[in-house]
>>> print(open('final02.txt').read())   # compact mmCIF, C-alpha atoms
# COMPACT_ATOMS: atom_id res chain seq x y z
CA MET A 1 1.85 18.50 10.23
CA ILE A 2 3.13 15.21 8.86
CA ALA A 3 5.24 14.90 5.71
CA GLU A 4 3.39 15.00 2.39
CA LYS A 5 4.79 11.58 1.44
CA MET A 6 3.48 10.13 4.71
CA LYS A 7 -0.01 11.46 4.00
CA ALA A 8 -0.21 9.18 0.96
CA PHE A 9 1.18 6.21 2.91
CA VAL A 10 -1.34 6.75 5.72
CA LYS A 11 -4.21 7.03 3.26
CA ASN A 12 -3.21 3.78 1.58
CA SER A 13 -2.32 2.00 4.81
CA SER A 14 -2.22 -1.78 4.54
CA ALA A 15 -5.62 -3.34 3.92
CA ILE A 16 -4.22 -6.55 5.40
CA ARG A 17 -3.51 -4.88 8.73
CA ALA A 18 -6.88 -3.11 8.63
CA MET A 19 -8.67 -6.45 8.26
CA PHE A 20 -6.53 -7.91 11.04
CA GLU A 21 -7.72 -5.10 13.33
CA GLU A 22 -11.30 -5.81 12.23
CA GLY A 23 -10.77 -9.40 13.33
CA LYS A 24 -9.80 -8.28 16.82
CA ARG A 25 -12.88 -6.02 16.95
CA GLN A 26 -15.22 -8.82 15.89
CA ALA A 27 -13.60 -11.30 18.27
CA ALA A 28 -14.34 -8.95 21.17
CA LEU A 29 -17.98 -8.67 20.07
CA TYR A 30 -18.81 -12.23 19.01
CA GLY A 31 -16.10 -14.40 20.58
CA ALA A 32 -12.85 -15.45 18.91
CA GLU A 33 -14.26 -18.90 18.13
CA ASN A 34 -16.96 -17.29 15.95
CA VAL A 35 -14.63 -15.15 13.83
CA PHE A 36 -12.72 -16.60 10.86
CA ASP A 37 -9.74 -14.38 10.23
CA PHE A 38 -7.87 -15.25 7.01
CA SER A 39 -6.29 -11.81 6.69
CA LEU A 40 -2.74 -11.91 8.03
CA GLY A 41 0.11 -14.26 7.15
CA ASN A 42 0.92 -14.84 10.82
CA PRO A 43 2.14 -18.46 11.19
CA ASN A 44 0.02 -20.71 13.37
CA VAL A 45 2.67 -23.44 13.45
CA PRO A 46 5.04 -23.03 16.40
CA ALA A 47 8.76 -22.57 15.90
CA PRO A 48 10.74 -25.84 15.90
CA GLU A 49 11.94 -27.05 19.30
CA GLY A 50 15.48 -26.47 18.06
CA VAL A 51 14.87 -22.70 18.15
CA LYS A 52 14.06 -22.76 21.86
CA ASN A 53 17.04 -25.03 22.54
CA ALA A 54 19.31 -22.69 20.58
CA ILE A 55 18.14 -19.64 22.54
CA LEU A 56 18.71 -21.34 25.88
CA SER A 57 22.11 -22.74 24.96
CA ILE A 58 23.32 -19.40 23.54
CA LEU A 59 22.27 -17.56 26.69
CA ASP A 60 23.92 -20.23 28.83
CA GLU A 61 27.12 -20.78 26.86
CA GLU A 62 28.08 -17.61 25.02
CA ASP A 63 29.51 -14.33 26.32
CA PRO A 64 26.52 -12.05 27.03
CA LEU A 65 28.54 -8.96 26.14
CA MET A 66 29.06 -10.44 22.69
CA VAL A 67 25.54 -11.87 22.28
CA HIS A 68 23.83 -8.56 23.10
CA GLY A 69 26.46 -6.16 21.79
CA TYR A 70 27.20 -4.38 18.56
CA MET A 71 28.87 -6.13 15.66
CA SER A 72 29.58 -5.30 12.03
CA ASN A 73 26.53 -3.68 10.41
CA SER A 74 26.31 -6.68 8.09
CA GLY A 75 26.12 -9.09 11.04
CA TYR A 76 28.33 -11.54 12.88
CA GLU A 77 31.03 -12.96 10.59
CA ASP A 78 30.56 -16.54 11.85
CA VAL A 79 26.78 -16.36 11.34
CA ARG A 80 27.18 -15.06 7.79
CA GLU A 81 29.79 -17.72 7.08
CA ALA A 82 27.45 -20.47 8.35
CA ILE A 83 24.63 -19.20 6.09
CA ALA A 84 26.97 -18.96 3.10
CA ASP A 85 28.20 -22.53 3.70
CA SER A 86 24.61 -23.79 3.94
CA LEU A 87 23.68 -22.11 0.65
CA ASN A 88 26.82 -23.50 -1.00
CA GLN A 89 25.86 -27.02 0.01
CA ARG A 90 22.30 -26.62 -1.25
CA TYR A 91 22.92 -24.79 -4.51
CA SER A 92 26.54 -25.61 -5.48
CA THR A 93 27.56 -21.96 -5.07
CA SER A 94 30.74 -20.44 -3.64
CA TYR A 95 29.52 -17.65 -1.37
CA THR A 96 31.52 -16.34 1.59
CA ASP A 97 30.47 -14.27 4.58
CA GLN A 98 31.14 -11.18 2.41
CA ASN A 99 28.17 -12.10 0.22
CA ILE A 100 25.72 -12.16 3.14
CA VAL A 101 24.16 -9.17 4.94
CA MET A 102 21.96 -9.96 7.93
CA THR A 103 18.72 -7.96 7.84
CA VAL A 104 15.71 -6.98 9.91
CA GLY A 105 13.49 -9.50 8.14
CA ALA A 106 12.70 -9.55 4.43
CA ALA A 107 11.12 -6.08 4.58
CA GLY A 108 14.27 -4.61 6.10
CA GLY A 109 16.30 -6.35 3.43
CA MET A 110 14.18 -4.95 0.62
CA ASN A 111 14.56 -1.44 2.03
CA VAL A 112 18.33 -1.87 2.26
CA VAL A 113 18.42 -2.96 -1.41
CA PHE A 114 16.34 -0.03 -2.61
CA LYS A 115 18.29 2.46 -0.51
CA THR A 116 21.45 1.01 -2.06
CA LEU A 117 20.29 1.02 -5.68
CA LEU A 118 17.69 3.71 -6.34
CA ASN A 119 18.05 7.30 -7.43
CA PRO A 120 14.91 9.46 -7.51
CA GLY A 121 12.91 8.59 -10.64
CA ASP A 122 14.46 5.14 -11.10
CA GLU A 123 11.92 2.51 -12.05
CA VAL A 124 11.28 -0.86 -10.44
CA ILE A 125 9.04 -3.43 -12.12
CA ALA A 126 6.81 -5.88 -10.22
CA PHE A 127 4.58 -8.66 -11.54
CA ALA A 128 0.98 -8.49 -10.38
CA PRO A 129 -0.27 -9.84 -8.12
CA PHE A 130 2.40 -8.81 -5.61
CA PHE A 131 2.79 -7.98 -1.92
CA GLY A 132 1.33 -4.49 -1.71
CA GLU A 133 4.08 -3.05 0.49
CA TYR A 134 6.47 -3.17 -2.48
CA ARG A 135 4.93 0.08 -3.62
CA ALA A 136 5.76 1.78 -0.31
CA TYR A 137 9.27 0.30 -0.19
CA VAL A 138 10.09 1.69 -3.65
CA GLY A 139 8.39 5.00 -2.86
CA ASN A 140 10.50 5.39 0.28
CA TYR A 141 13.45 6.23 -1.99
CA ASP A 142 11.49 8.21 -4.62
CA GLY A 143 11.52 5.32 -7.05
CA ILE A 144 8.61 4.55 -9.38
CA LEU A 145 6.92 1.15 -9.29
CA LYS A 146 5.68 -0.09 -12.66
CA VAL A 147 3.26 -3.01 -12.65
CA VAL A 148 3.10 -5.89 -15.12
CA PRO A 149 -0.57 -6.92 -15.43
CA PRO A 150 -1.37 -10.43 -14.19
CA ASP A 151 -1.76 -13.59 -16.23
CA THR A 152 -4.91 -14.77 -14.46
CA GLU A 153 -4.84 -18.14 -16.24
CA THR A 154 -1.61 -19.32 -14.56
CA PHE A 155 -0.43 -16.45 -12.32
CA GLN A 156 3.06 -17.03 -13.68
CA PRO A 157 4.89 -13.76 -14.57
CA ASN A 158 3.28 -12.19 -17.64
CA LEU A 159 6.38 -12.02 -19.83
CA SER A 160 4.51 -10.93 -22.94
CA ALA A 161 3.65 -7.64 -21.21
CA PHE A 162 6.95 -7.35 -19.34
CA GLU A 163 9.51 -6.22 -21.92
CA GLY A 164 7.40 -3.29 -23.04
CA LEU A 165 7.64 -1.77 -19.55
CA ILE A 166 11.45 -1.69 -19.49
CA THR A 167 12.96 1.72 -20.17
CA GLU A 168 16.32 3.38 -19.69
CA LYS A 169 15.15 4.26 -16.17
CA THR A 170 14.56 0.62 -15.20
CA LYS A 171 16.87 -0.24 -12.31
CA ALA A 172 15.36 -3.41 -10.85
CA VAL A 173 12.69 -6.08 -11.19
CA ILE A 174 11.05 -7.91 -8.27
CA VAL A 175 10.03 -11.56 -8.28
CA ASN A 176 8.44 -13.42 -5.37
CA THR A 177 8.23 -17.21 -5.56
CA PRO A 178 6.48 -19.00 -3.91
CA ASN A 179 4.20 -16.08 -4.41
CA ASN A 180 2.21 -13.98 -2.00
CA PRO A 181 -0.78 -13.81 -2.62
CA THR A 182 -1.29 -16.73 -5.05
CA GLY A 183 0.88 -19.52 -3.65
CA VAL A 184 2.13 -20.13 -7.20
CA VAL A 185 5.72 -21.34 -7.63
CA TYR A 186 7.31 -19.77 -10.70
CA SER A 187 8.53 -22.45 -13.09
CA GLU A 188 12.19 -22.71 -14.06
CA GLU A 189 11.11 -22.35 -17.69
CA THR A 190 9.43 -19.02 -16.91
CA LEU A 191 12.42 -17.80 -14.89
CA LYS A 192 14.85 -18.75 -17.66
CA ALA A 193 12.75 -16.82 -20.16
CA LEU A 194 12.67 -13.85 -17.77
CA SER A 195 16.46 -14.01 -17.43
CA GLU A 196 16.96 -14.08 -21.19
CA SER A 197 14.64 -11.10 -21.56
CA LEU A 198 16.56 -9.14 -18.92
CA GLU A 199 19.91 -9.92 -20.52
CA ARG A 200 18.62 -8.67 -23.90
CA LYS A 201 17.31 -5.50 -22.33
CA GLU A 202 20.54 -4.86 -20.42
CA GLN A 203 22.39 -4.90 -23.73
CA GLU A 204 19.78 -2.67 -25.32
CA ILE A 205 19.71 0.05 -22.63
CA GLY A 206 23.38 -0.20 -21.72
CA HIS A 207 23.25 -0.65 -17.94
CA PRO A 208 22.52 -3.41 -15.41
CA ILE A 209 18.98 -4.39 -14.42
CA TYR A 210 18.99 -6.06 -11.01
CA LEU A 211 16.57 -8.88 -10.30
CA ILE A 212 15.46 -8.87 -6.65
CA SER A 213 14.19 -12.26 -5.55
CA ASP A 214 12.02 -11.90 -2.44
CA GLU A 215 11.98 -15.37 -0.84
CA PRO A 216 10.33 -15.53 2.59
CA TYR A 217 8.33 -18.61 1.53
CA ARG A 218 11.20 -20.57 -0.05
CA GLU A 219 10.88 -23.55 2.30
CA LEU A 220 7.07 -23.77 2.19
CA VAL A 221 6.38 -25.93 -0.85
CA TYR A 222 4.14 -28.95 -1.41
CA GLY A 223 4.41 -32.17 -3.36
CA ASP A 224 6.91 -32.10 -6.21
CA ALA A 225 7.09 -28.30 -6.49
CA LYS A 226 10.65 -26.96 -6.75
CA VAL A 227 11.89 -23.42 -6.13
CA SER A 228 14.70 -22.43 -8.49
CA TRP A 229 17.87 -20.75 -7.20
CA ILE A 230 17.55 -17.67 -9.37
CA PRO A 231 21.16 -16.37 -9.15
CA SER A 232 22.20 -19.49 -11.07
CA LEU A 233 19.93 -18.36 -13.92
CA TYR A 234 20.62 -14.62 -13.88
CA PRO A 235 23.93 -13.25 -12.53
CA ASN A 236 22.51 -9.84 -11.53
CA THR A 237 20.20 -11.36 -8.89
CA ILE A 238 19.95 -10.22 -5.27
CA VAL A 239 18.16 -12.63 -2.92
CA GLY A 240 16.23 -11.48 0.14
CA TYR A 241 15.33 -14.15 2.69
CA SER A 242 13.44 -14.21 5.98
CA TYR A 243 13.06 -16.77 8.76
CA SER A 244 9.58 -15.43 9.56
CA LYS A 245 7.85 -18.32 7.84
CA SER A 246 10.46 -21.09 7.62
CA LEU A 247 11.03 -20.96 11.41
CA SER A 248 7.75 -19.23 12.43
CA LEU A 249 9.59 -16.16 13.74
CA PRO A 250 7.77 -13.19 12.17
CA GLY A 251 8.04 -11.00 15.25
CA GLU A 252 11.79 -11.55 15.64
CA ARG A 253 12.52 -9.72 12.35
CA ILE A 254 15.50 -11.74 11.17
CA GLY A 255 16.63 -12.49 7.62
CA TYR A 256 19.48 -11.91 5.20
CA LEU A 257 20.46 -10.67 1.77
CA VAL A 258 22.60 -12.62 -0.68
CA LEU A 259 24.74 -10.24 -2.75
CA PRO A 260 26.70 -12.48 -5.15
CA ASP A 261 30.08 -11.55 -6.62
CA SER A 262 28.43 -11.97 -10.04
CA LEU A 263 26.51 -8.69 -9.57
CA ASP A 264 27.66 -5.83 -11.76
CA GLY A 265 29.46 -3.54 -9.30
CA SER A 266 29.28 -6.18 -6.54
CA GLU A 267 31.98 -4.66 -4.32
CA GLU A 268 30.34 -1.25 -4.37
CA ILE A 269 26.88 -2.74 -3.81
CA ILE A 270 28.02 -4.85 -0.84
CA SER A 271 29.75 -1.85 0.72
CA ALA A 272 26.73 0.39 0.16
CA ALA A 273 24.32 -2.21 1.59
CA ASN A 274 26.34 -2.27 4.81
CA VAL A 275 26.12 1.51 5.06
CA ALA A 276 22.40 1.47 4.18
CA THR A 277 21.74 -0.94 7.05
CA ARG A 278 23.19 1.61 9.45
CA ILE A 279 21.80 4.86 8.06
CA LEU A 280 18.27 3.46 7.75
CA GLY A 281 18.39 3.10 11.51
CA TYR A 282 18.49 -0.70 11.70
CA VAL A 283 22.21 -0.51 12.67
CA ASN A 284 22.30 -4.32 12.61
CA ALA A 285 19.90 -7.25 12.58
CA PRO A 286 18.80 -8.50 16.04
CA SER A 287 21.92 -9.92 17.66
CA LEU A 288 20.49 -12.85 19.62
CA PHE A 289 18.48 -14.14 16.69
CA GLN A 290 21.42 -13.91 14.33
CA ARG A 291 23.10 -16.44 16.60
CA VAL A 292 19.91 -18.52 16.87
CA VAL A 293 19.35 -18.94 13.14
CA ALA A 294 22.98 -19.95 12.64
CA ARG A 295 22.27 -22.94 14.88
CA CYS A 296 18.97 -23.73 13.15
CA LEU A 297 19.97 -23.84 9.48
CA ASP A 298 18.65 -27.41 9.15
CA GLU A 299 15.42 -26.75 11.07
CA ASN A 300 12.03 -26.22 9.44
CA VAL A 301 8.45 -25.82 10.57
CA ASP A 302 5.92 -28.59 10.00
CA VAL A 303 4.96 -28.01 6.36
CA GLU A 304 2.56 -30.97 6.57
CA TYR A 305 0.36 -28.85 8.83
CA TYR A 306 0.03 -26.16 6.19
CA ASP A 307 -0.53 -28.80 3.52
CA ARG A 308 -3.46 -30.25 5.48
CA ASN A 309 -4.94 -26.76 5.79
CA ARG A 310 -4.38 -26.14 2.08
CA GLU A 311 -6.26 -29.28 1.09
CA ALA A 312 -9.16 -28.68 3.49
CA LEU A 313 -9.69 -25.05 2.54
CA TYR A 314 -9.21 -25.58 -1.20
CA GLU A 315 -11.69 -28.47 -1.33
CA GLY A 316 -14.15 -26.70 0.98
CA LEU A 317 -14.17 -23.51 -1.08
CA LYS A 318 -14.63 -25.50 -4.29
CA LYS A 319 -17.61 -27.25 -2.72
CA ALA A 320 -19.06 -23.85 -1.78
CA GLY A 321 -18.80 -22.73 -5.43
CA LEU A 322 -15.63 -20.65 -5.31
CA SER A 323 -12.63 -21.15 -7.59
CA CYS A 324 -8.88 -20.61 -7.46
CA ILE A 325 -5.60 -22.09 -8.63
CA LYS A 326 -4.38 -24.68 -6.15
CA PRO A 327 -1.24 -23.23 -4.51
CA GLU A 328 2.08 -25.07 -4.71
CA GLY A 329 3.75 -23.07 -1.95
CA ALA A 330 3.43 -20.40 0.76
CA PHE A 331 0.16 -20.45 2.75
CA TYR A 332 -2.32 -18.42 0.70
CA LEU A 333 -5.28 -19.10 -1.57
CA PHE A 334 -6.07 -16.45 -4.18
CA VAL A 335 -9.76 -16.87 -4.87
CA LYS A 336 -11.81 -15.50 -7.76
CA SER A 337 -14.48 -13.17 -6.40
CA PRO A 338 -17.97 -14.42 -7.33
CA ILE A 339 -19.02 -10.81 -7.92
CA GLU A 340 -17.19 -8.20 -9.96
CA ASP A 341 -16.42 -5.90 -7.02
CA GLU A 342 -14.20 -7.95 -4.72
CA LYS A 343 -14.23 -5.23 -2.08
CA LEU A 344 -18.00 -5.57 -1.85
CA PHE A 345 -17.51 -9.34 -1.61
CA CYS A 346 -15.16 -8.80 1.34
CA GLU A 347 -17.76 -6.58 3.01
CA MET A 348 -20.43 -9.24 2.52
CA ALA A 349 -18.06 -11.85 3.93
CA LYS A 350 -17.54 -9.75 7.08
CA LYS A 351 -21.25 -10.16 7.90
CA HIS A 352 -20.55 -13.89 8.08
CA HIS A 353 -17.46 -13.19 10.23
CA LEU A 354 -15.18 -14.18 7.35
CA LEU A 355 -12.23 -11.80 7.04
CA LEU A 356 -10.61 -11.78 3.59
CA VAL A 357 -8.26 -9.34 1.83
CA ALA A 358 -9.27 -7.70 -1.45
CA GLY A 359 -7.11 -8.51 -4.47
CA SER A 360 -6.77 -4.82 -5.33
CA SER A 361 -4.33 -4.67 -2.39
CA PHE A 362 -2.10 -6.91 -4.52
CA ALA A 363 -2.70 -5.02 -7.80
CA CYS A 364 -5.13 -7.70 -8.95
CA PRO A 365 -8.78 -6.69 -8.50
CA GLY A 366 -11.47 -9.34 -8.87
CA TYR A 367 -9.81 -11.73 -6.42
CA VAL A 368 -9.47 -12.14 -2.67
CA ARG A 369 -6.65 -13.59 -0.59
CA LEU A 370 -7.06 -16.07 2.24
CA ALA A 371 -4.14 -16.89 4.54
CA TYR A 372 -4.51 -20.49 5.71
CA CYS A 373 -1.73 -20.33 8.33
CA VAL A 374 -4.50 -20.68 10.93
CA SER A 375 -5.78 -23.53 13.08
CA HIS A 376 -7.17 -26.49 11.19
CA GLU A 377 -10.26 -26.40 13.38
CA MET A 378 -10.95 -22.80 12.38
CA ILE A 379 -10.87 -23.77 8.72
CA LEU A 380 -13.37 -26.58 9.30
CA ARG A 381 -15.66 -24.27 11.31
CA SER A 382 -15.49 -21.60 8.61
CA LEU A 383 -16.63 -23.73 5.68
CA PRO A 384 -20.39 -23.63 6.45
CA HIS A 385 -20.09 -19.85 6.65
CA PHE A 386 -18.62 -19.73 3.13
CA GLU A 387 -21.56 -21.82 1.95
CA GLU A 388 -23.99 -19.40 3.60
CA LEU A 389 -22.16 -16.45 2.02
CA MET A 390 -22.46 -18.00 -1.43
CA LYS A 391 -26.15 -18.67 -0.87
CA GLU A 392 -26.63 -15.00 0.03
CA ILE A 393 -24.82 -13.95 -3.16
CA ALA A 394 -26.93 -16.33 -5.25
CA GLY A 395 -30.10 -14.95 -3.62
CA THR A 396 -29.01 -11.38 -4.30
CA ALA A 397 -28.36 -12.24 -7.96
CA ASP A 398 -31.79 -13.90 -8.25
CA SER A 399 -33.48 -10.84 -6.80
CA SER A 400 -31.74 -8.48 -9.18
CA GLU A 401 -32.86 -10.53 -12.18
CA ARG A 402 -36.55 -10.35 -11.24
>>> encode(input="final02.txt", output="structure tokens")
Amino acid sequence: MIAEKMKAFVKNSSAIRAMFEEGKRQAALYGAENVFDFSLGNPNVPAPEGVKNAILSILDEEDPLMVHGYMSNSGYEDVREAIADSLNQRYSTSYTDQNIVMTVGAAGGMNVVFKTLLNPGDEVIAFAPFFGEYRAYVGNYDGILKVVPPDTETFQPNLSAFEGLITEKTKAVIVNTPNNPTGVVYSEETLKALSESLERKEQEIGHPIYLISDEPYRELVYGDAKVSWIPSLYPNTIVGYSYSKSLSLPGERIGYLVLPDSLDGSEEIISAANVATRILGYVNAPSLFQRVVARCLDENVDVEYYDRNREALYEGLKKAGLSCIKPEGAFYLFVKSPIEDEKLFCEMAKKHHLLLVAGSSFACPGYVRLAYCVSHEMILRSLPHFEELMKEIAGTADSSER
């Protein structure tokens, strides 16, 4: 028999992955060109050419025993130093290799942080809507996730409801900007207010509250949107980063943590994070791709591609009668469900071969998420199907009123 904790995880298995599997099933039945899968944030933009060149040159030039061998649990020193130097240039910081821990993607990094920080019963606060796996990551270490209800006018963090959730058991707070699922970029004004609130509460409860900034979409922003460097606003910030989106490498599982010296107990936290990386079974981040990303720190995917998709899908959904806030970053639209039960809306959409993810998966019922990291042609082909779906919903409403 499986562990009791796993029974709950299995029961609440990711709705995103479930819809992704539904997409494969429908594609086999109806043809991939007739299925419009907006479920999974799997980048459709290829990795930059520089990534391929880096792989080939590393395999050709560097010692294979070193490239494929063990290293410090926190990663290669020269890779961490290169990342620290890059951050210092961008954000006027003074990090060294000691402030960087290479991780198995952003998810691995989050698990290292929670393993490092949480005692059973410690509380972690997240702002809805949020990536649903946060609940599992916190639960892995017997922590308790407390949810700040969403501000559905702006989808900025709901600070008016936030302070009331902080207790003596509060250990950490999660922010994710640009946000999954909304695409909203949190304003510097909001983040400054959040920082001031945390500093007040730290004084009140008498111990540190760590702010965990989950940043896999940092480089995917549009127009004049700017993503703040949160450690400059709040000293007790830990940053988790992933190259899954910025270099289109989700399957390679490579990222890093930034653990600044400004953290309360920084030396102990850095040491514990290194041990957590090992005892969680990661041992170290993938060796080849540590070396690859160090050579690709100035590379980025084609954000213009995502921007074109964003515009086409946003305008097309508006024309069909749906509404959402226009995203400033990431590659998601968070759309208001035209009927109260968004899960029913998702089921109706499936009949039109439209695969969407219910907002309840992100602690925000009444909405659905669409990932537009898909082919532009698929978006254009899908728009008539959204119009047909909305006509069906309008017809159903008319029938019920008779």
>>> closest_residue(input="final02.txt", among="A:Glu163, A:Asp264, A:Glu33, A:Glu77", to="Pro208 (chain A)", atoms="only C-alpha atoms")
A:Asp264
>>> residues_around(input="final02.txt", residues="region 335-347 of chain A", least_positions_apart="3", cutoff="8 Å", atoms="all atoms listed in the file", output="list in words")
Leu322, Ser323, Cys324, Ile325, Lys350, Lys351, Leu355, Leu356, Val357, Ala358, Gly359, Pro365, Gly366, Tyr367, Val368, Arg369 and Leu370 of chain A
>>> residues_near_point(input="final02.txt", point="(2.5, 10.6, 2.3)", cutoff="12 Å", atoms="only C-alpha atoms", output="list in words")
Met1, Ile2, Ala3, Glu4, Lys5, Met6, Lys7, Ala8, Phe9, Val10, Lys11, Asn12, Ser13, Ala136, Gly139, Asn140 and Asp142 of chain A
>>> residues_around(input="final02.txt", residues="region 222-229 of chain A", least_positions_apart="3", cutoff="8 Å", atoms="only C-alpha atoms", output="ChimeraX atom specification")
/A:91,177-178,185-188,218,232-233,303,307,328-329
>>> write_last_selection(input="final02.txt", atoms="C-alpha atoms", output="PDB file, in the coordinates of the input")
ATOM      1  CA  TYR A  91      22.920 -24.790  -4.510  1.00  0.00           C
ATOM      2  CA  THR A 177       8.230 -17.210  -5.560  1.00  0.00           C
ATOM      3  CA  PRO A 178       6.480 -19.000  -3.910  1.00  0.00           C
ATOM      4  CA  VAL A 185       5.720 -21.340  -7.630  1.00  0.00           C
ATOM      5  CA  TYR A 186       7.310 -19.770 -10.700  1.00  0.00           C
ATOM      6  CA  SER A 187       8.530 -22.450 -13.090  1.00  0.00           C
ATOM      7  CA  GLU A 188      12.190 -22.710 -14.060  1.00  0.00           C
ATOM      8  CA  ARG A 218      11.200 -20.570  -0.050  1.00  0.00           C
ATOM      9  CA  SER A 232      22.200 -19.490 -11.070  1.00  0.00           C
ATOM     10  CA  LEU A 233      19.930 -18.360 -13.920  1.00  0.00           C
ATOM     11  CA  VAL A 303       4.960 -28.010   6.360  1.00  0.00           C
ATOM     12  CA  ASP A 307      -0.530 -28.800   3.520  1.00  0.00           C
ATOM     13  CA  GLU A 328       2.080 -25.070  -4.710  1.00  0.00           C
ATOM     14  CA  GLY A 329       3.750 -23.070  -1.950  1.00  0.00           C
TER      15      GLY A 329
END
>>> closest_residue(input="final02.txt", among="A:Lys171, A:Gly75, A:Ile393, A:Gln98", to="Pro120 (chain A)", atoms="only C-alpha atoms")
A:Lys171
>>> atom_distance(input="final02.txt", atom1="CA of Leu257 (chain A)", atom2="CA of Ala371 (chain A)")
25.5 Å
>>> closest_residue(input="final02.txt", among="A:Tyr282, A:Phe38, A:Tyr256, A:Tyr306", to="Ser382 (chain A)", atoms="all atoms listed in the file")
A:Phe38
>>> axis_aligned_box(input="final02.txt", around="region 373-391 of chain A", padding_each_side="5 Å", output="lines of an AutoDock Vina configuration file")
center_x = -13.9
center_y = -21.5
center_z = 6.0
size_x = 34.4
size_y = 20.1
size_z = 24.8
>>> closest_residue(input="final02.txt", among="A:Val239, A:Leu313, A:Ala161, A:Val173", to="Lys326 (chain A)", atoms="all atoms listed in the file")
A:Leu313
>>> atom_distance(input="final02.txt", atom1="CA of Ser375 (chain A)", atom2="CA of Glu311 (chain A)")
13.3 Å
>>> residues_around(input="final02.txt", residues="region 288-291 of chain A", least_positions_apart="3", cutoff="7 Å", atoms="only C-alpha atoms", output="list in words")
Val67, His68, Val79, Ile254, Ala294 and Arg295 of chain A
>>> residues_near_point(input="final02.txt", point="(11.2, -22.0, 11.6)", cutoff="6 Å", atoms="all atoms listed in the file", output="number ranges by chain")
A: 47-48, 246-248, 300-301
>>> decode(input="final02.txt", residues="region 266-270 of chain A", atoms="all heavy atoms", output="mmCIF file, in the first residue's frame")
data_model
loop_
_atom_site.group_PDB
_atom_site.id
_atom_site.type_symbol
_atom_site.label_atom_id
_atom_site.label_comp_id
_atom_site.auth_asym_id
_atom_site.auth_seq_id
_atom_site.Cartn_x
_atom_site.Cartn_y
_atom_site.Cartn_z
ATOM 1 N N SER A 266 22.247 33.559 6.829
ATOM 2 C CA SER A 266 22.608 33.201 5.454
ATOM 3 C C SER A 266 23.602 32.043 5.403
ATOM 4 O O SER A 266 23.453 31.130 4.578
ATOM 5 C CB SER A 266 23.172 34.408 4.713
ATOM 6 O OG SER A 266 24.356 34.875 5.329
ATOM 7 N N GLU A 267 24.628 32.058 6.258
ATOM 8 C CA GLU A 267 25.633 30.996 6.190
ATOM 9 C C GLU A 267 25.015 29.634 6.462
ATOM 10 O O GLU A 267 25.303 28.643 5.775
ATOM 11 C CB GLU A 267 26.762 31.275 7.184
ATOM 12 C CG GLU A 267 27.671 32.424 6.775
ATOM 13 C CD GLU A 267 28.879 32.542 7.696
ATOM 14 O OE1 GLU A 267 29.180 31.570 8.431
ATOM 15 O OE2 GLU A 267 29.510 33.608 7.687
ATOM 16 N N GLU A 268 24.159 29.582 7.465
ATOM 17 C CA GLU A 268 23.504 28.322 7.811
ATOM 18 C C GLU A 268 22.555 27.881 6.701
ATOM 19 O O GLU A 268 22.480 26.681 6.359
ATOM 20 C CB GLU A 268 22.747 28.485 9.135
ATOM 21 C CG GLU A 268 22.217 27.189 9.702
ATOM 22 C CD GLU A 268 21.566 27.377 11.059
ATOM 23 O OE1 GLU A 268 21.037 28.482 11.336
ATOM 24 O OE2 GLU A 268 21.582 26.419 11.842
ATOM 25 N N ILE A 269 21.835 28.838 6.112
ATOM 26 C CA ILE A 269 20.891 28.513 5.043
ATOM 27 C C ILE A 269 21.630 27.992 3.818
ATOM 28 O O ILE A 269 21.237 26.987 3.212
ATOM 29 C CB ILE A 269 20.030 29.749 4.689
ATOM 30 C CG1 ILE A 269 19.029 30.024 5.812
ATOM 31 C CG2 ILE A 269 19.299 29.548 3.360
ATOM 32 C CD1 ILE A 269 18.259 31.315 5.649
ATOM 33 N N ILE A 270 22.716 28.652 3.424
ATOM 34 C CA ILE A 270 23.494 28.217 2.261
ATOM 35 C C ILE A 270 24.040 26.815 2.487
ATOM 36 O O ILE A 270 23.966 25.943 1.611
ATOM 37 C CB ILE A 270 24.620 29.226 1.958
ATOM 38 C CG1 ILE A 270 24.019 30.546 1.453
ATOM 39 C CG2 ILE A 270 25.607 28.657 0.941
ATOM 40 C CD1 ILE A 270 25.006 31.705 1.411
#
